[in-house]
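Participant: Quick one: the structure is below, and I'll ask about it shortly.
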Amino acid sequence: MDKKIIVIGALSLTLIIVILIIVYKAGKKKDPSQTEIDTDTYGTPLTEERKQFVISLSDSLYKDMNGLNTFGHEDGIYEALSLLSDSELVAVSNVFNAKYEQDSGETFLQWLRNETFSWDSFTNQDIMNVITSRLVGLGVS
Ligand SMILES: [Ca+2]
């Protein structure tokens, strides 16, 4: 084989590997789930399993509320939110604020209050009223 082709081939392969490493590292940095967030700021410390649940629920809430929600909200997410313990509910608020408050300019509680749930089933609006009252009772602002 021609030496030139081997050299070009080796250089191309090296370049591809370097690009893949850069893309991989950039992707890792952008993923907000990599951020370390303290979920133990109220009451009983959460187990690792509940901590992961709280983080994934915060992400689901952000994804669901972020947008016009012309066809309403995903009921299951808010039902899950309403079933959390006090510690978990405050943890969701903390995780949400740590990850998304800077971008949205609203705290979790502020966003819940400003979001329109009245186009959903009326039970969803009732659930949200209970959740925002609980958050206030737990000292969240
Ligand atoms: Ca929305």
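Residues are named by chain letter and number: chains run A, B, ... in the order of the structure tokens, numbers start at 1 in each chain, and ligands are numbered from 1 in the order shown.
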Please identify all polymer residues within 9 Å of A:His73, counting only C-alpha atoms, omitting same-chain residues fewer than 5 positions from it, and present them as a list in words.
Facilitator: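 The neighbour list is Asp64, Met65, Tyr78, Phe117, Trp119, Asp120 and Asn124 of chain A.
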Participant: Next, write the just-selected residues to a file, as a PDB file, in the first residue's frame, keeping N, CA and C atoms as the atom set.
Facilitator:
ATOM      1  N   ASP A  64     -42.473  19.455  31.489  1.00  0.00           N
ATOM      2  CA  ASP A  64     -43.907  19.533  31.248  1.00  0.00           C
ATOM      3  C   ASP A  64     -44.426  20.978  31.306  1.00  0.00           C
ATOM      4  N   MET A  65     -43.923  21.758  32.255  1.00  0.00           N
ATOM      5  CA  MET A  65     -44.452  23.128  32.409  1.00  0.00           C
ATOM      6  C   MET A  65     -43.832  24.105  31.420  1.00  0.00           C
ATOM      7  N   TYR A  78     -48.018  15.461  38.367  1.00  0.00           N
ATOM      8  CA  TYR A  78     -48.529  16.297  39.465  1.00  0.00           C
ATOM      9  C   TYR A  78     -49.153  15.451  40.561  1.00  0.00           C
ATOM     10  N   PHE A 117     -53.235  25.945  35.202  1.00  0.00           N
ATOM     11  CA  PHE A 117     -53.687  24.558  35.320  1.00  0.00           C
ATOM     12  C   PHE A 117     -55.201  24.449  35.112  1.00  0.00           C
ATOM     13  N   TRP A 119     -56.901  24.893  32.527  1.00  0.00           N
ATOM     14  CA  TRP A 119     -57.306  24.268  31.264  1.00  0.00           C
ATOM     15  C   TRP A 119     -57.244  22.747  31.372  1.00  0.00           C
ATOM     16  N   ASP A 120     -56.629  22.271  32.437  1.00  0.00           N
ATOM     17  CA  ASP A 120     -56.552  20.828  32.655  1.00  0.00           C
ATOM     18  C   ASP A 120     -57.859  20.369  33.306  1.00  0.00           C
ATOM     19  N   ASN A 124     -56.728  18.638  38.674  1.00  0.00           N
ATOM     20  CA  ASN A 124     -55.324  19.069  38.611  1.00  0.00           C
ATOM     21  C   ASN A 124     -55.156  20.437  39.271  1.00  0.00           C
TER      22      ASN A 124
END
Participant: Would you mind listing what lies within 8 Å of A:Val54 as a ChimeraX atom specification, with only C-alpha atoms counted and same-chain residues fewer than 5 positions away left out?
Facilitator: /A:88,91-92,95
Participant: Would you export the selected residues with C-alpha atoms as a PDB file, in the first residue's frame, please?
Facilitator:
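Final output, saved to selection.pdb:
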ATOM      1  CA  GLU A  88     -39.293  15.349  49.374  1.00  0.00           C
ATOM      2  CA  ALA A  91     -36.252  18.816  47.954  1.00  0.00           C
ATOM      3  CA  VAL A  92     -38.109  19.026  44.614  1.00  0.00           C
ATOM      4  CA  VAL A  95     -33.570  20.864  42.997  1.00  0.00           C
TER       5      VAL A  95
END
Participant: Tell me, as a PyMOL selection string, which residues lie within 8 Å of stretch 136-140 of chain A, counting only C-alpha atoms; anything in the same chain fewer than 6 positions away does not count.
Facilitator: chain A and resi 86+90+93+109
Participant: When you count only C-alpha atoms and all ligand atoms, which of these residues is closest to ligand 1: A:Val18, A:Leu112, A:Ile77, A:Ile5?
Facilitator: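 Answer, going by the shortest atom-to-atom distance: A:Leu112.
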Participant: Write as number ranges by chain the residues around ligand 1, taking 12 Å as the cut-off and counting only C-alpha atoms and all ligand atoms.
Facilitator: A: 61-74, 104, 111-120
Participant: Would you put the residues from that selection into a file with N, CA and C atoms, as a PDB file, in the first residue's frame?
Facilitator:
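Writing done, so here's result.pdb:
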ATOM      1  N   LEU A  61     -41.131  17.854  35.744  1.00  0.00           N
ATOM      2  CA  LEU A  61     -41.962  19.040  35.979  1.00  0.00           C
ATOM      3  C   LEU A  61     -41.512  20.184  35.080  1.00  0.00           C
ATOM      4  N   TYR A  62     -40.191  20.368  35.013  1.00  0.00           N
ATOM      5  CA  TYR A  62     -39.669  21.443  34.169  1.00  0.00           C
ATOM      6  C   TYR A  62     -40.053  21.206  32.706  1.00  0.00           C
ATOM      7  N   LYS A  63     -39.839  19.980  32.245  1.00  0.00           N
ATOM      8  CA  LYS A  63     -40.131  19.653  30.849  1.00  0.00           C
ATOM      9  C   LYS A  63     -41.618  19.840  30.551  1.00  0.00           C
ATOM     10  N   ASP A  64     -42.473  19.455  31.489  1.00  0.00           N
ATOM     11  CA  ASP A  64     -43.907  19.533  31.248  1.00  0.00           C
ATOM     12  C   ASP A  64     -44.426  20.978  31.306  1.00  0.00           C
ATOM     13  N   MET A  65     -43.923  21.758  32.255  1.00  0.00           N
ATOM     14  CA  MET A  65     -44.452  23.128  32.409  1.00  0.00           C
ATOM     15  C   MET A  65     -43.832  24.105  31.420  1.00  0.00           C
ATOM     16  N   ASN A  66     -42.627  23.774  30.946  1.00  0.00           N
ATOM     17  CA  ASN A  66     -41.911  24.666  30.040  1.00  0.00           C
ATOM     18  C   ASN A  66     -42.538  24.601  28.660  1.00  0.00           C
ATOM     19  N   GLY A  67     -43.363  25.573  28.341  1.00  0.00           N
ATOM     20  CA  GLY A  67     -44.055  25.543  27.057  1.00  0.00           C
ATOM     21  C   GLY A  67     -45.475  26.019  27.257  1.00  0.00           C
ATOM     22  N   LEU A  68     -46.243  26.050  26.187  1.00  0.00           N
ATOM     23  CA  LEU A  68     -47.582  26.620  26.247  1.00  0.00           C
ATOM     24  C   LEU A  68     -48.612  25.685  26.879  1.00  0.00           C
ATOM     25  N   ASN A  69     -48.347  24.389  26.856  1.00  0.00           N
ATOM     26  CA  ASN A  69     -49.269  23.410  27.431  1.00  0.00           C
ATOM     27  C   ASN A  69     -50.699  23.575  26.908  1.00  0.00           C
ATOM     28  N   THR A  70     -50.779  23.786  25.595  1.00  0.00           N
ATOM     29  CA  THR A  70     -52.079  23.960  24.944  1.00  0.00           C
ATOM     30  C   THR A  70     -53.001  22.782  25.229  1.00  0.00           C
ATOM     31  N   PHE A  71     -52.423  21.598  25.305  1.00  0.00           N
ATOM     32  CA  PHE A  71     -53.243  20.410  25.548  1.00  0.00           C
ATOM     33  C   PHE A  71     -53.179  19.973  27.000  1.00  0.00           C
ATOM     34  N   GLY A  72     -52.893  20.933  27.889  1.00  0.00           N
ATOM     35  CA  GLY A  72     -52.868  20.621  29.313  1.00  0.00           C
ATOM     36  C   GLY A  72     -51.560  20.030  29.779  1.00  0.00           C
ATOM     37  N   HIS A  73     -51.566  19.518  30.976  1.00  0.00           N
ATOM     38  CA  HIS A  73     -50.372  18.966  31.598  1.00  0.00           C
ATOM     39  C   HIS A  73     -50.497  17.460  31.743  1.00  0.00           C
ATOM     40  N   GLU A  74     -49.350  16.843  32.006  1.00  0.00           N
ATOM     41  CA  GLU A  74     -49.338  15.394  32.199  1.00  0.00           C
ATOM     42  C   GLU A  74     -49.743  15.089  33.649  1.00  0.00           C
ATOM     43  N   SER A 104     -35.274  30.507  34.088  1.00  0.00           N
ATOM     44  CA  SER A 104     -36.684  30.913  34.008  1.00  0.00           C
ATOM     45  C   SER A 104     -36.954  32.210  34.753  1.00  0.00           C
ATOM     46  N   TRP A 111     -43.381  29.560  39.824  1.00  0.00           N
ATOM     47  CA  TRP A 111     -43.784  28.959  38.548  1.00  0.00           C
ATOM     48  C   TRP A 111     -45.106  28.208  38.689  1.00  0.00           C
ATOM     49  N   LEU A 112     -45.257  27.437  39.774  1.00  0.00           N
ATOM     50  CA  LEU A 112     -46.508  26.700  39.995  1.00  0.00           C
ATOM     51  C   LEU A 112     -47.691  27.654  40.058  1.00  0.00           C
ATOM     52  N   ARG A 113     -47.468  28.805  40.689  1.00  0.00           N
ATOM     53  CA  ARG A 113     -48.556  29.784  40.835  1.00  0.00           C
ATOM     54  C   ARG A 113     -48.891  30.453  39.498  1.00  0.00           C
ATOM     55  N   ASN A 114     -47.864  30.682  38.683  1.00  0.00           N
ATOM     56  CA  ASN A 114     -48.092  31.394  37.419  1.00  0.00           C
ATOM     57  C   ASN A 114     -48.543  30.483  36.284  1.00  0.00           C
ATOM     58  N   GLU A 115     -48.293  29.190  36.443  1.00  0.00           N
ATOM     59  CA  GLU A 115     -48.668  28.237  35.400  1.00  0.00           C
ATOM     60  C   GLU A 115     -50.187  28.076  35.381  1.00  0.00           C
ATOM     61  N   THR A 116     -50.752  27.981  34.175  1.00  0.00           N
ATOM     62  CA  THR A 116     -52.209  27.816  34.069  1.00  0.00           C
ATOM     63  C   THR A 116     -52.579  26.344  34.105  1.00  0.00           C
ATOM     64  N   PHE A 117     -53.235  25.945  35.202  1.00  0.00           N
ATOM     65  CA  PHE A 117     -53.687  24.558  35.320  1.00  0.00           C
ATOM     66  C   PHE A 117     -55.201  24.449  35.112  1.00  0.00           C
ATOM     67  N   SER A 118     -55.841  25.619  34.917  1.00  0.00           N
ATOM     68  CA  SER A 118     -57.306  25.608  34.834  1.00  0.00           C
ATOM     69  C   SER A 118     -57.804  25.041  33.511  1.00  0.00           C
ATOM     70  N   TRP A 119     -56.901  24.893  32.527  1.00  0.00           N
ATOM     71  CA  TRP A 119     -57.306  24.268  31.264  1.00  0.00           C
ATOM     72  C   TRP A 119     -57.244  22.747  31.372  1.00  0.00           C
ATOM     73  N   ASP A 120     -56.629  22.271  32.437  1.00  0.00           N
ATOM     74  CA  ASP A 120     -56.552  20.828  32.655  1.00  0.00           C
ATOM     75  C   ASP A 120     -57.859  20.369  33.306  1.00  0.00           C
TER      76      ASP A 120
END
Participant: Output as number ranges by chain all residues of chain A that backbone DSSP marks as alpha helix (DSSP H).
Facilitator: A: 3-30, 48-65, 75-82, 86-96, 102-104, 108-114, 122-137
Participant: Take the residues just selected and output them with C-alpha atoms as a compact mmCIF listing (two decimals), in the first residue's frame.
Facilitator:
# COMPACT_ATOMS: atom_id res chain seq x y z
CA LYS A 3 2.73 5.13 2.40
CA LYS A 4 0.86 8.38 1.79
CA ILE A 5 -2.50 6.63 2.07
CA ILE A 6 -1.46 4.95 5.34
CA VAL A 7 -0.32 8.30 6.84
CA ILE A 8 -3.52 10.08 5.72
CA GLY A 9 -5.60 7.20 7.04
CA ALA A 10 -3.84 7.29 10.43
CA LEU A 11 -4.22 11.07 10.67
CA SER A 12 -7.92 10.90 9.77
CA LEU A 13 -8.50 8.21 12.39
CA THR A 14 -6.73 10.30 15.04
CA LEU A 15 -8.82 13.34 14.07
CA ILE A 16 -12.06 11.35 14.30
CA ILE A 17 -11.10 10.05 17.77
CA VAL A 18 -10.23 13.58 18.96
CA ILE A 19 -13.57 14.92 17.65
CA LEU A 20 -15.47 12.09 19.35
CA ILE A 21 -13.74 12.84 22.68
CA ILE A 22 -14.56 16.57 22.39
CA VAL A 23 -18.21 15.85 21.52
CA TYR A 24 -18.48 13.36 24.40
CA LYS A 25 -17.03 15.82 26.91
CA ALA A 26 -19.23 18.69 25.67
CA GLY A 27 -22.31 16.47 25.93
CA LYS A 28 -21.37 15.50 29.48
CA LYS A 29 -21.00 19.12 30.56
CA LYS A 30 -24.36 20.16 29.13
CA GLU A 48 -30.49 7.51 47.44
CA GLU A 49 -33.52 6.03 45.65
CA ARG A 50 -35.86 8.84 46.73
CA LYS A 51 -33.19 11.42 45.95
CA GLN A 52 -32.99 10.12 42.37
CA PHE A 53 -36.80 10.12 42.18
CA VAL A 54 -36.95 13.73 43.38
CA ILE A 55 -34.35 14.81 40.80
CA SER A 56 -36.11 13.03 37.94
CA LEU A 57 -39.49 14.44 39.05
CA SER A 58 -38.02 17.98 39.04
CA ASP A 59 -36.81 17.40 35.49
CA SER A 60 -40.21 16.03 34.42
CA LEU A 61 -41.96 19.04 35.98
CA TYR A 62 -39.67 21.44 34.17
CA LYS A 63 -40.13 19.65 30.85
CA ASP A 64 -43.91 19.53 31.25
CA MET A 65 -44.45 23.13 32.41
CA ASP A 75 -51.53 14.50 35.19
CA GLY A 76 -49.31 11.69 36.52
CA ILE A 77 -46.39 14.03 37.25
CA TYR A 78 -48.53 16.30 39.46
CA GLU A 79 -50.17 13.36 41.15
CA ALA A 80 -46.67 12.03 42.00
CA LEU A 81 -45.73 15.50 43.29
CA SER A 82 -48.81 15.61 45.54
CA ASP A 86 -42.67 17.19 53.23
CA SER A 87 -38.90 16.58 52.93
CA GLU A 88 -39.29 15.35 49.37
CA LEU A 89 -41.53 18.25 48.36
CA VAL A 90 -39.02 20.79 49.67
CA ALA A 91 -36.25 18.82 47.95
CA VAL A 92 -38.11 19.03 44.61
CA SER A 93 -38.39 22.79 45.09
CA ASN A 94 -34.66 23.04 45.91
CA VAL A 95 -33.57 20.86 43.00
CA PHE A 96 -35.87 22.73 40.60
CA GLN A 102 -31.64 31.06 36.73
CA ASP A 103 -33.00 30.33 33.24
CA SER A 104 -36.68 30.91 34.01
CA PHE A 108 -40.55 26.55 41.74
CA LEU A 109 -43.39 28.00 43.85
CA GLN A 110 -43.66 31.11 41.67
CA TRP A 111 -43.78 28.96 38.55
CA LEU A 112 -46.51 26.70 39.99
CA ARG A 113 -48.56 29.78 40.83
CA ASN A 114 -48.09 31.39 37.42
CA PHE A 122 -60.31 20.61 37.53
CA THR A 123 -58.76 17.99 39.82
CA ASN A 124 -55.32 19.07 38.61
CA GLN A 125 -56.02 22.67 39.66
CA ASP A 126 -57.19 21.41 43.07
CA ILE A 127 -54.01 19.33 43.43
CA MET A 128 -51.88 22.35 42.56
CA ASN A 129 -53.68 24.55 45.13
CA VAL A 130 -52.92 21.96 47.82
CA ILE A 131 -49.26 21.70 46.73
CA THR A 132 -48.66 25.47 46.69
CA SER A 133 -50.30 25.78 50.14
CA ARG A 134 -48.08 22.97 51.46
CA LEU A 135 -44.95 24.64 50.03
CA VAL A 136 -45.84 27.92 51.75
CA GLY A 137 -46.49 26.02 55.00
